[in-house]
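Source file: run-v2.csv. Holds: CSV, N, CA and C atoms.
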chain,number,residue,atom,x,y,z
A,1,MET,N,1.7,-12.8,-4.2
A,1,MET,CA,2.8,-12.1,-4.9
A,1,MET,C,2.8,-10.6,-4.5
A,2,THR,N,4.0,-10.1,-4.3
A,2,THR,CA,4.2,-8.7,-3.9
A,2,THR,C,4.6,-7.9,-5.1
A,3,ASP,N,3.9,-6.8,-5.4
A,3,ASP,CA,4.3,-5.9,-6.5
A,3,ASP,C,5.2,-4.8,-5.9
A,4,LYS,N,6.1,-4.3,-6.8
A,4,LYS,CA,6.9,-3.1,-6.4
A,4,LYS,C,6.2,-1.9,-6.8
A,5,LEU,N,6.3,-0.9,-5.9
A,5,LEU,CA,5.7,0.4,-6.2
A,5,LEU,C,6.4,1.0,-7.4
A,6,LYS,N,5.7,1.5,-8.4
A,6,LYS,CA,6.3,2.1,-9.6
A,6,LYS,C,5.9,3.6,-9.7
A,7,ASP,N,6.8,4.4,-10.4
A,7,ASP,CA,6.5,5.8,-10.6
A,7,ASP,C,5.7,5.9,-11.9
A,8,SER,N,5.5,7.1,-12.3
A,8,SER,CA,4.6,7.4,-13.5
A,8,SER,C,5.3,6.9,-14.8
A,9,ARG,N,6.6,6.6,-14.8
A,9,ARG,CA,7.3,6.1,-16.0
A,9,ARG,C,7.5,4.6,-15.9
A,10,ASP,N,6.8,4.0,-14.9
A,10,ASP,CA,6.9,2.5,-14.7
A,10,ASP,C,8.2,2.1,-14.2
A,11,ASN,N,9.0,3.0,-13.5
A,11,ASN,CA,10.3,2.6,-12.9
A,11,ASN,C,10.0,2.3,-11.4
A,12,VAL,N,10.8,1.4,-10.8
A,12,VAL,CA,10.6,1.1,-9.4
A,12,VAL,C,10.8,2.4,-8.6
A,13,ALA,N,9.9,2.7,-7.7
A,13,ALA,CA,10.0,4.0,-7.0
A,13,ALA,C,10.7,3.8,-5.7
A,14,VAL,N,11.4,4.8,-5.2
A,14,VAL,CA,12.0,4.9,-3.9
A,14,VAL,C,11.4,6.1,-3.2
A,15,VAL,N,10.9,6.0,-2.0
A,15,VAL,CA,10.3,7.1,-1.3
A,15,VAL,C,11.3,7.5,-0.2
A,16,ASP,N,11.6,8.8,-0.2
A,16,ASP,CA,12.5,9.4,0.9
A,16,ASP,C,11.8,9.3,2.2
A,17,GLU,N,12.5,9.1,3.3
A,17,GLU,CA,11.9,9.0,4.6
A,17,GLU,C,11.2,10.4,4.9
A,18,ASN,N,10.0,10.3,5.5
A,18,ASN,CA,9.2,11.4,5.9
A,18,ASN,C,8.7,12.2,4.8
A,19,GLU,N,8.5,11.6,3.6
A,19,GLU,CA,7.9,12.2,2.4
A,19,GLU,C,6.6,11.5,2.2
A,20,SER,N,5.7,12.1,1.4
A,20,SER,CA,4.4,11.5,1.1
A,20,SER,C,4.6,10.8,-0.3
A,21,ALA,N,3.7,9.9,-0.6
A,21,ALA,CA,3.7,9.2,-1.9
A,21,ALA,C,2.3,8.6,-2.1
A,22,ASN,N,2.0,8.2,-3.3
A,22,ASN,CA,0.7,7.6,-3.6
A,22,ASN,C,1.0,6.1,-4.0
A,23,ILE,N,0.1,5.3,-3.5
A,23,ILE,CA,0.0,3.9,-4.0
A,23,ILE,C,-1.3,3.7,-4.7
A,24,ILE,N,-1.2,3.2,-6.0
A,24,ILE,CA,-2.4,3.0,-6.8
A,24,ILE,C,-2.6,1.5,-7.0
A,25,VAL,N,-3.8,1.0,-6.6
A,25,VAL,CA,-4.1,-0.4,-6.7
A,25,VAL,C,-5.4,-0.5,-7.6
A,26,LYS,N,-5.3,-1.4,-8.6
A,26,LYS,CA,-6.5,-1.7,-9.4
A,26,LYS,C,-7.0,-3.1,-9.0
A,27,PHE,N,-8.2,-3.2,-8.5
A,27,PHE,CA,-8.7,-4.4,-8.1
A,27,PHE,C,-9.4,-5.2,-9.2
A,28,THR,N,-9.0,-6.4,-9.4
A,28,THR,CA,-9.5,-7.2,-10.5
A,28,THR,C,-9.9,-8.6,-10.0
A,29,ASN,N,-10.7,-9.3,-10.8
A,29,ASN,CA,-11.1,-10.6,-10.6
A,29,ASN,C,-10.9,-11.3,-11.9
A,30,ASN,N,-9.9,-12.2,-12.0
A,30,ASN,CA,-9.5,-12.9,-13.2
A,30,ASN,C,-9.3,-11.8,-14.3
A,31,TYR,N,-8.5,-10.8,-14.0
A,31,TYR,CA,-8.1,-9.7,-14.9
A,31,TYR,C,-9.2,-8.8,-15.3
A,32,THR,N,-10.4,-9.0,-14.7
A,32,THR,CA,-11.5,-8.1,-15.0
A,32,THR,C,-11.6,-7.1,-13.8
A,33,PRO,N,-11.7,-5.8,-14.2
A,33,PRO,CA,-11.8,-4.8,-13.1
A,33,PRO,C,-13.0,-5.0,-12.2
A,34,ILE,N,-12.8,-4.8,-10.9
A,34,ILE,CA,-14.0,-4.8,-10.0
A,34,ILE,C,-14.4,-3.4,-9.8
A,35,LEU,N,-15.6,-3.1,-10.2
A,35,LEU,CA,-16.1,-1.7,-10.1
A,35,LEU,C,-16.4,-1.3,-8.7
A,36,LYS,N,-16.3,0.0,-8.4
A,36,LYS,CA,-16.6,0.5,-7.1
A,36,LYS,C,-17.9,0.0,-6.5
A,37,THR,N,-18.9,0.0,-7.4
A,37,THR,CA,-20.2,-0.4,-6.9
A,37,THR,C,-20.3,-1.9,-6.4
A,38,ASN,N,-19.3,-2.7,-6.8
A,38,ASN,CA,-19.3,-4.1,-6.3
A,38,ASN,C,-18.3,-4.3,-5.1
A,39,LEU,N,-17.6,-3.2,-4.8
A,39,LEU,CA,-16.7,-3.3,-3.6
A,39,LEU,C,-17.4,-3.1,-2.3
A,40,PHE,N,-17.1,-3.8,-1.3
A,40,PHE,CA,-17.7,-3.6,0.0
A,40,PHE,C,-16.7,-2.9,1.0
A,41,THR,N,-15.5,-3.5,1.0
A,41,THR,CA,-14.5,-3.0,2.0
A,41,THR,C,-13.1,-3.0,1.3
A,42,ILE,N,-12.3,-2.1,1.8
A,42,ILE,CA,-10.9,-2.1,1.4
A,42,ILE,C,-10.1,-1.7,2.6
A,43,THR,N,-9.2,-2.5,3.1
A,43,THR,CA,-8.4,-2.2,4.2
A,43,THR,C,-6.9,-2.3,3.9
A,44,VAL,N,-6.0,-1.7,4.7
A,44,VAL,CA,-4.6,-1.8,4.4
A,44,VAL,C,-3.9,-1.9,5.8
A,45,THR,N,-2.8,-2.7,5.7
A,45,THR,CA,-1.9,-2.8,6.8
A,45,THR,C,-0.5,-2.5,6.3
A,46,LEU,N,0.2,-1.6,7.0
A,46,LEU,CA,1.5,-1.1,6.6
A,46,LEU,C,2.5,-1.6,7.6
A,47,PHE,N,3.6,-2.3,7.1
A,47,PHE,CA,4.6,-2.8,8.0
A,47,PHE,C,6.0,-2.8,7.3
A,48,ASP,N,7.0,-2.9,8.2
A,48,ASP,CA,8.3,-3.1,7.8
A,48,ASP,C,8.6,-4.6,7.5
A,49,ARG,N,9.2,-4.8,6.3
A,49,ARG,CA,9.3,-6.2,5.9
A,49,ARG,C,10.2,-7.0,6.8
A,50,GLN,N,11.3,-6.5,7.3
A,50,GLN,CA,12.3,-7.2,8.1
A,50,GLN,C,11.8,-7.5,9.5
A,51,THR,N,11.2,-6.5,10.1
A,51,THR,CA,10.8,-6.7,11.5
A,51,THR,C,9.3,-7.1,11.7
A,52,GLU,N,8.5,-6.8,10.6
A,52,GLU,CA,7.1,-7.0,10.6
A,52,GLU,C,6.4,-6.0,11.5
A,53,LEU,N,7.0,-5.0,12.0
A,53,LEU,CA,6.4,-4.0,12.9
A,53,LEU,C,5.4,-3.2,12.1
A,54,ILE,N,4.3,-2.9,12.7
A,54,ILE,CA,3.2,-2.0,12.1
A,54,ILE,C,3.7,-0.6,12.1
A,55,ILE,N,3.5,0.1,11.0
A,55,ILE,CA,4.0,1.5,10.9
A,55,ILE,C,2.9,2.4,11.0
A,56,ASN,N,3.0,3.4,11.9
A,56,ASN,CA,2.1,4.5,12.1
A,56,ASN,C,0.7,4.1,12.5
A,57,GLY,N,0.6,2.9,13.1
A,57,GLY,CA,-0.7,2.4,13.5
A,57,GLY,C,-1.6,2.0,12.4
A,58,VAL,N,-1.1,1.8,11.2
A,58,VAL,CA,-1.9,1.4,10.0
A,58,VAL,C,-2.0,-0.1,10.0
A,59,GLU,N,-3.1,-0.6,10.6
A,59,GLU,CA,-3.3,-2.0,10.7
A,59,GLU,C,-4.8,-2.3,10.5
A,60,ASP,N,-5.1,-2.9,9.4
A,60,ASP,CA,-6.5,-3.2,9.0
A,60,ASP,C,-7.3,-1.9,9.0
A,61,THR,N,-6.7,-0.8,8.4
A,61,THR,CA,-7.4,0.5,8.4
A,61,THR,C,-8.2,0.6,7.1
A,62,SER,N,-9.4,1.0,7.2
A,62,SER,CA,-10.2,1.2,6.0
A,62,SER,C,-9.7,2.4,5.2
A,63,VAL,N,-9.5,2.1,3.9
A,63,VAL,CA,-9.1,3.2,2.9
A,63,VAL,C,-10.1,3.3,1.8
A,64,PHE,N,-11.4,2.8,2.1
A,64,PHE,CA,-12.4,2.9,1.1
A,64,PHE,C,-13.0,4.3,1.2
A,65,ASP,N,-12.5,5.3,0.5
A,65,ASP,CA,-12.9,6.7,0.5
A,65,ASP,C,-12.7,7.3,1.9
A,66,GLU,N,-11.7,6.9,2.7
A,66,GLU,CA,-11.4,7.5,4.0
A,66,GLU,C,-9.9,7.2,4.3
A,67,HIS,N,-9.4,7.8,5.3
A,67,HIS,CA,-8.0,7.6,5.7
A,67,HIS,C,-7.0,7.7,4.6
A,68,ASN,N,-7.2,8.8,3.8
A,68,ASN,CA,-6.3,9.1,2.7
A,68,ASN,C,-6.5,8.2,1.5
A,69,GLY,N,-7.6,7.4,1.5
A,69,GLY,CA,-7.9,6.6,0.3
A,69,GLY,C,-9.0,7.1,-0.5
A,70,SER,N,-8.9,7.0,-1.8
A,70,SER,CA,-10.0,7.4,-2.7
A,70,SER,C,-10.2,6.4,-3.8
A,71,VAL,N,-11.4,5.9,-4.0
A,71,VAL,CA,-11.7,4.9,-5.0
A,71,VAL,C,-12.5,5.5,-6.1
A,72,ASP,N,-12.0,5.3,-7.4
A,72,ASP,CA,-12.6,5.8,-8.6
A,72,ASP,C,-13.8,4.8,-8.9
A,73,THR,N,-14.7,5.2,-9.8
A,73,THR,CA,-15.8,4.4,-10.2
A,73,THR,C,-15.3,3.1,-10.8
A,74,ASP,N,-14.1,3.1,-11.5
A,74,ASP,CA,-13.6,1.8,-12.1
A,74,ASP,C,-13.0,0.9,-11.0
A,75,GLY,N,-13.1,1.3,-9.8
A,75,GLY,CA,-12.5,0.4,-8.7
A,75,GLY,C,-11.1,0.7,-8.4
A,76,THR,N,-10.4,1.7,-9.0
A,76,THR,CA,-9.0,1.9,-8.7
A,76,THR,C,-8.9,2.7,-7.4
A,77,LEU,N,-8.0,2.2,-6.5
A,77,LEU,CA,-7.8,2.9,-5.3
A,77,LEU,C,-6.5,3.7,-5.4
A,78,THR,N,-6.5,5.0,-4.9
A,78,THR,CA,-5.3,5.8,-4.7
A,78,THR,C,-5.3,6.0,-3.2
A,79,TRP,N,-4.2,5.5,-2.6
A,79,TRP,CA,-4.0,5.7,-1.2
A,79,TRP,C,-2.7,6.6,-1.0
A,80,ARG,N,-2.9,7.7,-0.3
A,80,ARG,CA,-1.9,8.7,-0.1
A,80,ARG,C,-1.2,8.4,1.2
A,81,LEU,N,0.1,8.0,1.1
A,81,LEU,CA,1.0,7.7,2.2
A,81,LEU,C,1.4,9.1,2.8
A,82,SER,N,1.2,9.3,4.1
A,82,SER,CA,1.6,10.5,4.7
A,82,SER,C,3.1,10.4,5.1
A,83,PRO,N,3.8,11.6,5.4
A,83,PRO,CA,5.1,11.5,5.9
A,83,PRO,C,5.3,10.5,7.1
A,84,GLU,N,4.4,10.5,8.0
A,84,GLU,CA,4.5,9.6,9.1
A,84,GLU,C,4.4,8.1,8.7
A,85,ASP,N,3.9,7.8,7.5
A,85,ASP,CA,3.9,6.4,7.0
A,85,ASP,C,5.2,6.0,6.5
A,86,ASN,N,6.1,6.9,6.2
A,86,ASN,CA,7.4,6.6,5.6
A,86,ASN,C,8.6,7.0,6.6
A,87,VAL,N,8.5,6.4,7.7
A,87,VAL,CA,9.5,6.5,8.7
A,87,VAL,C,10.5,5.4,8.6
A,88,ILE,N,11.7,5.6,9.1
A,88,ILE,CA,12.7,4.5,9.1
A,88,ILE,C,12.5,3.8,10.5
A,89,ILE,N,12.3,2.4,10.4
A,89,ILE,CA,12.2,1.6,11.6
A,89,ILE,C,13.5,1.3,12.2
A,90,ASP,N,14.5,0.9,11.4
A,90,ASP,CA,15.8,0.5,11.9
A,90,ASP,C,16.7,1.8,12.0
A,91,THR,N,16.8,2.3,13.2
A,91,THR,CA,17.5,3.6,13.5
A,91,THR,C,19.0,3.4,13.3
A,92,ASN,N,19.5,2.2,13.1
A,92,ASN,CA,20.9,2.0,12.9
A,92,ASN,C,21.3,2.1,11.4
A,93,LEU,N,20.3,2.2,10.5
A,93,LEU,CA,20.7,2.3,9.1
A,93,LEU,C,21.5,3.6,8.8
A,94,PRO,N,22.5,3.5,8.0
A,94,PRO,CA,23.3,4.7,7.6
A,94,PRO,C,22.5,5.5,6.6
A,95,THR,N,22.9,6.8,6.4
A,95,THR,CA,22.3,7.6,5.4
A,95,THR,C,22.4,7.0,4.0
A,96,GLY,N,21.3,7.1,3.3
A,96,GLY,CA,21.3,6.5,1.9
A,96,GLY,C,20.8,5.1,1.9
A,97,SER,N,20.7,4.4,3.0
A,97,SER,CA,20.2,3.0,3.0
A,97,SER,C,18.8,2.9,2.7
A,98,LEU,N,18.3,1.8,2.2
A,98,LEU,CA,16.9,1.5,1.9
A,98,LEU,C,16.3,0.5,2.9
A,99,GLU,N,15.1,0.8,3.3
A,99,GLU,CA,14.3,-0.1,4.2
A,99,GLU,C,13.0,-0.4,3.4
A,100,GLU,N,12.7,-1.7,3.3
A,100,GLU,CA,11.6,-2.1,2.6
A,100,GLU,C,10.3,-2.2,3.5
A,101,HIS,N,9.3,-1.5,3.0
A,101,HIS,CA,8.0,-1.5,3.6
A,101,HIS,C,7.0,-2.1,2.7
A,102,ILE,N,5.9,-2.7,3.4
A,102,ILE,CA,4.9,-3.4,2.6
A,102,ILE,C,3.5,-2.8,3.0
A,103,ALA,N,2.7,-2.6,2.0
A,103,ALA,CA,1.3,-2.2,2.2
A,103,ALA,C,0.5,-3.4,1.7
A,104,ARG,N,-0.2,-4.0,2.7
A,104,ARG,CA,-1.0,-5.2,2.3
A,104,ARG,C,-2.5,-4.8,2.3
A,105,PHE,N,-3.1,-4.9,1.1
A,105,PHE,CA,-4.5,-4.5,0.9
A,105,PHE,C,-5.4,-5.7,0.9
A,106,THR,N,-6.5,-5.6,1.6
A,106,THR,CA,-7.5,-6.7,1.6
A,106,THR,C,-8.8,-6.1,1.2
A,107,TRP,N,-9.5,-6.7,0.3
A,107,TRP,CA,-10.8,-6.1,-0.1
A,107,TRP,C,-11.8,-7.2,-0.3
A,108,THR,N,-13.1,-6.8,-0.1
A,108,THR,CA,-14.2,-7.7,-0.3
A,108,THR,C,-15.1,-7.1,-1.4
A,109,TRP,N,-15.7,-8.0,-2.2
A,109,TRP,CA,-16.5,-7.5,-3.3
A,109,TRP,C,-17.6,-8.6,-3.6
A,110,TYR,N,-18.6,-8.2,-4.3
A,110,TYR,CA,-19.6,-9.1,-4.8
A,110,TYR,C,-19.4,-9.4,-6.2
A,111,ASP,N,-19.3,-10.7,-6.6
A,111,ASP,CA,-19.0,-11.1,-7.9
A,111,ASP,C,-20.2,-11.5,-8.8
A,112,GLY,N,-21.4,-11.1,-8.2
A,112,GLY,CA,-22.7,-11.4,-8.9
A,112,GLY,C,-23.3,-12.7,-8.4
A,113,ILE,N,-22.6,-13.5,-7.6
A,113,ILE,CA,-23.1,-14.7,-7.0
A,113,ILE,C,-22.9,-14.7,-5.5
A,114,GLN,N,-21.7,-14.3,-5.1
A,114,GLN,CA,-21.4,-14.3,-3.7
A,114,GLN,C,-20.3,-13.3,-3.3
A,115,ALA,N,-20.2,-13.0,-2.0
A,115,ALA,CA,-19.1,-12.1,-1.6
A,115,ALA,C,-17.8,-12.9,-1.6
A,116,ARG,N,-16.7,-12.1,-2.0
A,116,ARG,CA,-15.4,-12.7,-2.1
A,116,ARG,C,-14.4,-11.8,-1.5
A,117,THR,N,-13.2,-12.3,-1.2
A,117,THR,CA,-12.1,-11.5,-0.6
A,117,THR,C,-10.9,-11.7,-1.4
A,118,GLY,N,-10.1,-10.6,-1.6
A,118,GLY,CA,-8.8,-10.6,-2.3
A,118,GLY,C,-7.8,-9.9,-1.4
A,119,LYS,N,-6.5,-10.2,-1.7
A,119,LYS,CA,-5.4,-9.6,-1.1
A,119,LYS,C,-4.3,-9.3,-2.1
A,120,LYS,N,-3.6,-8.2,-1.8
A,120,LYS,CA,-2.5,-7.8,-2.7
A,120,LYS,C,-1.5,-7.0,-1.8
A,121,GLU,N,-0.2,-7.3,-2.1
A,121,GLU,CA,0.8,-6.5,-1.4
A,121,GLU,C,1.6,-5.7,-2.4
A,122,VAL,N,1.9,-4.4,-1.9
A,122,VAL,CA,2.8,-3.5,-2.7
A,122,VAL,C,3.9,-3.2,-1.8
A,123,SER,N,5.2,-3.4,-2.3
A,123,SER,CA,6.4,-3.1,-1.5
A,123,SER,C,7.0,-1.9,-2.1
A,124,PHE,N,7.7,-1.2,-1.2
A,124,PHE,CA,8.4,0.0,-1.6
A,124,PHE,C,9.6,0.3,-0.6
A,125,ASP,N,10.6,0.8,-1.2
A,125,ASP,CA,11.8,1.2,-0.4
A,125,ASP,C,11.7,2.6,0.1
A,126,VAL,N,12.1,2.8,1.4
A,126,VAL,CA,12.2,4.1,2.0
A,126,VAL,C,13.6,4.4,2.2
A,127,ARG,N,14.1,5.5,1.7
A,127,ARG,CA,15.5,5.9,1.8
A,127,ARG,C,15.8,6.7,3.0
A,128,ARG,N,16.8,6.3,3.8
A,128,ARG,CA,17.2,7.0,5.0
A,128,ARG,C,17.9,8.3,4.5
A,129,LEU,N,17.4,9.5,4.9
A,129,LEU,CA,18.0,10.7,4.4
A,129,LEU,C,19.2,11.2,5.3
A,130,ALA,N,19.1,11.1,6.6
A,130,ALA,CA,20.1,11.6,7.4
A,130,ALA,C,20.1,10.8,8.7
A,131,VAL,N,21.3,10.6,9.3
A,131,VAL,CA,21.4,10.0,10.6
A,131,VAL,C,21.5,11.1,11.6
A,132,PRO,N,20.6,11.1,12.6
A,132,PRO,CA,20.7,12.2,13.6
A,132,PRO,C,22.1,12.2,14.3
A,133,VAL,N,22.6,13.3,14.6
A,133,VAL,CA,23.9,13.4,15.3
A,133,VAL,C,23.7,13.6,16.8
Starting from the file, give its structure as structure tokens.
Amino acid sequence: MTDKLKDSRDNVAVVDENESANIIVKFTNNYTPILKTNLFTITVTLFDRQTELIINGVEDTSVFDEHNGSVDTDGTLTWRLSPEDNVIIDTNLPTGSLEEHIARFTWTWYDGIQARTGKKEVSFDVRRLAVPV
């Protein structure tokens, strides 16, 4: 299941092209938070939903306290999207149009018995600000 990126008031967020934004992900196992001490890896792949093109080379990139990712002790990841992560792929889109991007997170953790893997997708719309003349 893909979750929509939300703002601080829990409204669906729209990111303007070439702007930065944060994606916050809480890792859980059966609704129980996975603490940072139990996490082994966290990677992200960023792509355009329609074309599936990778954006800004972000493919299986580690964001476990690196590459603009920061993990709190409770296992919550904050990943800072850079302006280069929010580019418009379809250069034919008119000003004001929205293009859907997906951040697919994959993580591994230890559940007390064995290593496990989880996946989560966060989608967000990037708004085309201006069409070059």
* Asked: Could you work out how far atom N of Leu35 (chain A) lies from atom C of Leu81 (chain A), giving the answer in Å with one decimal?
  -> 24.6 Å
* Between CA of His101 (chain A) and CA of Ser20 (chain A), measure the distance and give it in Å to one decimal. => 13.7 Å
Compile the contact shell of region 60-74 of chain A as a PDB file with N, CA and C atoms, keeping the file's coordinate frame: residues with an atom at most 7 Å away, counting all atoms listed in the file, same-chain residues fewer than 6 positions apart removed.
ATOM      1  N   PHE A  27      -8.200  -3.200  -8.500  1.00  0.00           N
ATOM      2  CA  PHE A  27      -8.700  -4.400  -8.100  1.00  0.00           C
ATOM      3  C   PHE A  27      -9.400  -5.200  -9.200  1.00  0.00           C
ATOM      4  N   PRO A  33     -11.700  -5.800 -14.200  1.00  0.00           N
ATOM      5  CA  PRO A  33     -11.800  -4.800 -13.100  1.00  0.00           C
ATOM      6  C   PRO A  33     -13.000  -5.000 -12.200  1.00  0.00           C
ATOM      7  N   ILE A  34     -12.800  -4.800 -10.900  1.00  0.00           N
ATOM      8  CA  ILE A  34     -14.000  -4.800 -10.000  1.00  0.00           C
ATOM      9  C   ILE A  34     -14.400  -3.400  -9.800  1.00  0.00           C
ATOM     10  N   LEU A  35     -15.600  -3.100 -10.200  1.00  0.00           N
ATOM     11  CA  LEU A  35     -16.100  -1.700 -10.100  1.00  0.00           C
ATOM     12  C   LEU A  35     -16.400  -1.300  -8.700  1.00  0.00           C
ATOM     13  N   LYS A  36     -16.300   0.000  -8.400  1.00  0.00           N
ATOM     14  CA  LYS A  36     -16.600   0.500  -7.100  1.00  0.00           C
ATOM     15  C   LYS A  36     -17.900   0.000  -6.500  1.00  0.00           C
ATOM     16  N   THR A  37     -18.900   0.000  -7.400  1.00  0.00           N
ATOM     17  CA  THR A  37     -20.200  -0.400  -6.900  1.00  0.00           C
ATOM     18  C   THR A  37     -20.300  -1.900  -6.400  1.00  0.00           C
ATOM     19  N   THR A  41     -15.500  -3.500   1.000  1.00  0.00           N
ATOM     20  CA  THR A  41     -14.500  -3.000   2.000  1.00  0.00           C
ATOM     21  C   THR A  41     -13.100  -3.000   1.300  1.00  0.00           C
ATOM     22  N   ILE A  42     -12.300  -2.100   1.800  1.00  0.00           N
ATOM     23  CA  ILE A  42     -10.900  -2.100   1.400  1.00  0.00           C
ATOM     24  C   ILE A  42     -10.100  -1.700   2.600  1.00  0.00           C
ATOM     25  N   THR A  43      -9.200  -2.500   3.100  1.00  0.00           N
ATOM     26  CA  THR A  43      -8.400  -2.200   4.200  1.00  0.00           C
ATOM     27  C   THR A  43      -6.900  -2.300   3.900  1.00  0.00           C
ATOM     28  N   VAL A  44      -6.000  -1.700   4.700  1.00  0.00           N
ATOM     29  CA  VAL A  44      -4.600  -1.800   4.400  1.00  0.00           C
ATOM     30  C   VAL A  44      -3.900  -1.900   5.800  1.00  0.00           C
ATOM     31  N   THR A  45      -2.800  -2.700   5.700  1.00  0.00           N
ATOM     32  CA  THR A  45      -1.900  -2.800   6.800  1.00  0.00           C
ATOM     33  C   THR A  45      -0.500  -2.500   6.300  1.00  0.00           C
ATOM     34  N   LEU A  46       0.200  -1.600   7.000  1.00  0.00           N
ATOM     35  CA  LEU A  46       1.500  -1.100   6.600  1.00  0.00           C
ATOM     36  C   LEU A  46       2.500  -1.600   7.600  1.00  0.00           C
ATOM     37  N   ARG A  80      -2.900   7.700  -0.300  1.00  0.00           N
ATOM     38  CA  ARG A  80      -1.900   8.700  -0.100  1.00  0.00           C
ATOM     39  C   ARG A  80      -1.200   8.400   1.200  1.00  0.00           C
ATOM     40  N   LEU A  81       0.100   8.000   1.100  1.00  0.00           N
ATOM     41  CA  LEU A  81       1.000   7.700   2.200  1.00  0.00           C
ATOM     42  C   LEU A  81       1.400   9.100   2.800  1.00  0.00           C
TER      43      LEU A  81
END
* To do: Give me every strand (DSSP E or B) residue in region 33-103 of chain A, going by DSSP on the backbone, as a list in words.
  =>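 Across region 33-103 of chain A, those assigned strand (DSSP E or B) are Pro33, Leu39, Phe40, Thr41, Ile42, Thr43, Val44, Thr45, Leu46, Phe47, Asp48, Ile54, Thr61, Ser62, Gly69, Ser70, Val71, Thr76, Leu77, Thr78, Trp79, Arg80, Leu81, Leu98, Glu99, Glu100, His101, Ile102 and Ala103 of chain A.
Using only N, CA and C atoms for every distance, the candidate list A:Asn18, A:Asn11, A:Asn92, A:Asn38 yields A:Asn38 as the residue closest to Thr108 (chain A).
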* **Residue among A:Met1, A:Leu39, A:Ile23, A:Ile102 lying closest to Ser123 (chain A), counting all atoms listed in the file** => A:Ile102
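Distance annotation: of A:Val58, A:Val122, A:Phe40, A:Gln50, the residue with the minimal separation from Trp109 (chain A) is A:Phe40; atom set is only N, CA and C atoms.
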* When distances are computed from only C-alpha atoms, which of A:Thr78, A:Ala13, A:Asp125, A:Phe105 shows the smallest separation from Asp48 (chain A)? -> A:Asp125
* For Lys119 (chain A), which of A:Trp107, A:Ser82, A:Val12, A:Glu52 is the closest residue, counting only N, CA and C atoms? ->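 Of the candidates, the smallest distance to Lys119 (chain A) is held by A:Trp107.
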* CA of Asn56 (chain A) to atom N of Thr2 (chain A): how many Å, to one decimal? ->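 Between CA of Asn56 (chain A) and atom N of Thr2 (chain A) the gap is 22.0 Å.
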* Counting all atoms listed in the file, the option among A:Leu93, A:Leu98, A:Ile55, A:Ile24 closest to Leu5 (chain A) -> A:Ile24
Could you write region 119-130 of chain A as an mmCIF file, keeping the file's coordinate frame, with N, CA, C and O atoms rebuilt where they are missing?
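And here is the file that came out, result_12.cif:
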data_model
loop_
_atom_site.group_PDB
_atom_site.id
_atom_site.type_symbol
_atom_site.label_atom_id
_atom_site.label_comp_id
_atom_site.auth_asym_id
_atom_site.auth_seq_id
_atom_site.Cartn_x
_atom_site.Cartn_y
_atom_site.Cartn_z
ATOM 1 N N LYS A 119 -6.500 -10.200 -1.700
ATOM 2 C CA LYS A 119 -5.400 -9.600 -1.100
ATOM 3 C C LYS A 119 -4.300 -9.300 -2.100
ATOM 4 O O LYS A 119 -4.118 -10.015 -3.070
ATOM 5 N N LYS A 120 -3.600 -8.200 -1.800
ATOM 6 C CA LYS A 120 -2.500 -7.800 -2.700
ATOM 7 C C LYS A 120 -1.500 -7.000 -1.800
ATOM 8 O O LYS A 120 -1.888 -6.208 -0.976
ATOM 9 N N GLU A 121 -0.200 -7.300 -2.100
ATOM 10 C CA GLU A 121 0.800 -6.500 -1.400
ATOM 11 C C GLU A 121 1.600 -5.700 -2.400
ATOM 12 O O GLU A 121 1.906 -6.076 -3.481
ATOM 13 N N VAL A 122 1.900 -4.400 -1.900
ATOM 14 C CA VAL A 122 2.800 -3.500 -2.700
ATOM 15 C C VAL A 122 3.900 -3.200 -1.800
ATOM 16 O O VAL A 122 3.770 -2.727 -0.638
ATOM 17 N N SER A 123 5.200 -3.400 -2.300
ATOM 18 C CA SER A 123 6.400 -3.100 -1.500
ATOM 19 C C SER A 123 7.000 -1.900 -2.100
ATOM 20 O O SER A 123 6.890 -1.575 -3.241
ATOM 21 N N PHE A 124 7.700 -1.200 -1.200
ATOM 22 C CA PHE A 124 8.400 0.000 -1.600
ATOM 23 C C PHE A 124 9.600 0.300 -0.600
ATOM 24 O O PHE A 124 9.529 -0.124 0.528
ATOM 25 N N ASP A 125 10.600 0.800 -1.200
ATOM 26 C CA ASP A 125 11.800 1.200 -0.400
ATOM 27 C C ASP A 125 11.700 2.600 0.100
ATOM 28 O O ASP A 125 11.385 3.496 -0.639
ATOM 29 N N VAL A 126 12.100 2.800 1.400
ATOM 30 C CA VAL A 126 12.200 4.100 2.000
ATOM 31 C C VAL A 126 13.600 4.400 2.200
ATOM 32 O O VAL A 126 14.353 3.566 2.840
ATOM 33 N N ARG A 127 14.100 5.500 1.700
ATOM 34 C CA ARG A 127 15.500 5.900 1.800
ATOM 35 C C ARG A 127 15.800 6.700 3.000
ATOM 36 O O ARG A 127 15.107 7.720 3.250
ATOM 37 N N ARG A 128 16.800 6.300 3.800
ATOM 38 C CA ARG A 128 17.200 7.000 5.000
ATOM 39 C C ARG A 128 17.900 8.300 4.500
ATOM 40 O O ARG A 128 18.910 8.218 3.747
ATOM 41 N N LEU A 129 17.400 9.500 4.900
ATOM 42 C CA LEU A 129 18.000 10.700 4.400
ATOM 43 C C LEU A 129 19.200 11.200 5.300
ATOM 44 O O LEU A 129 20.163 11.680 4.743
ATOM 45 N N ALA A 130 19.100 11.100 6.600
ATOM 46 C CA ALA A 130 20.100 11.600 7.400
ATOM 47 C C ALA A 130 20.100 10.800 8.700
ATOM 48 O O ALA A 130 19.050 10.434 9.232
#
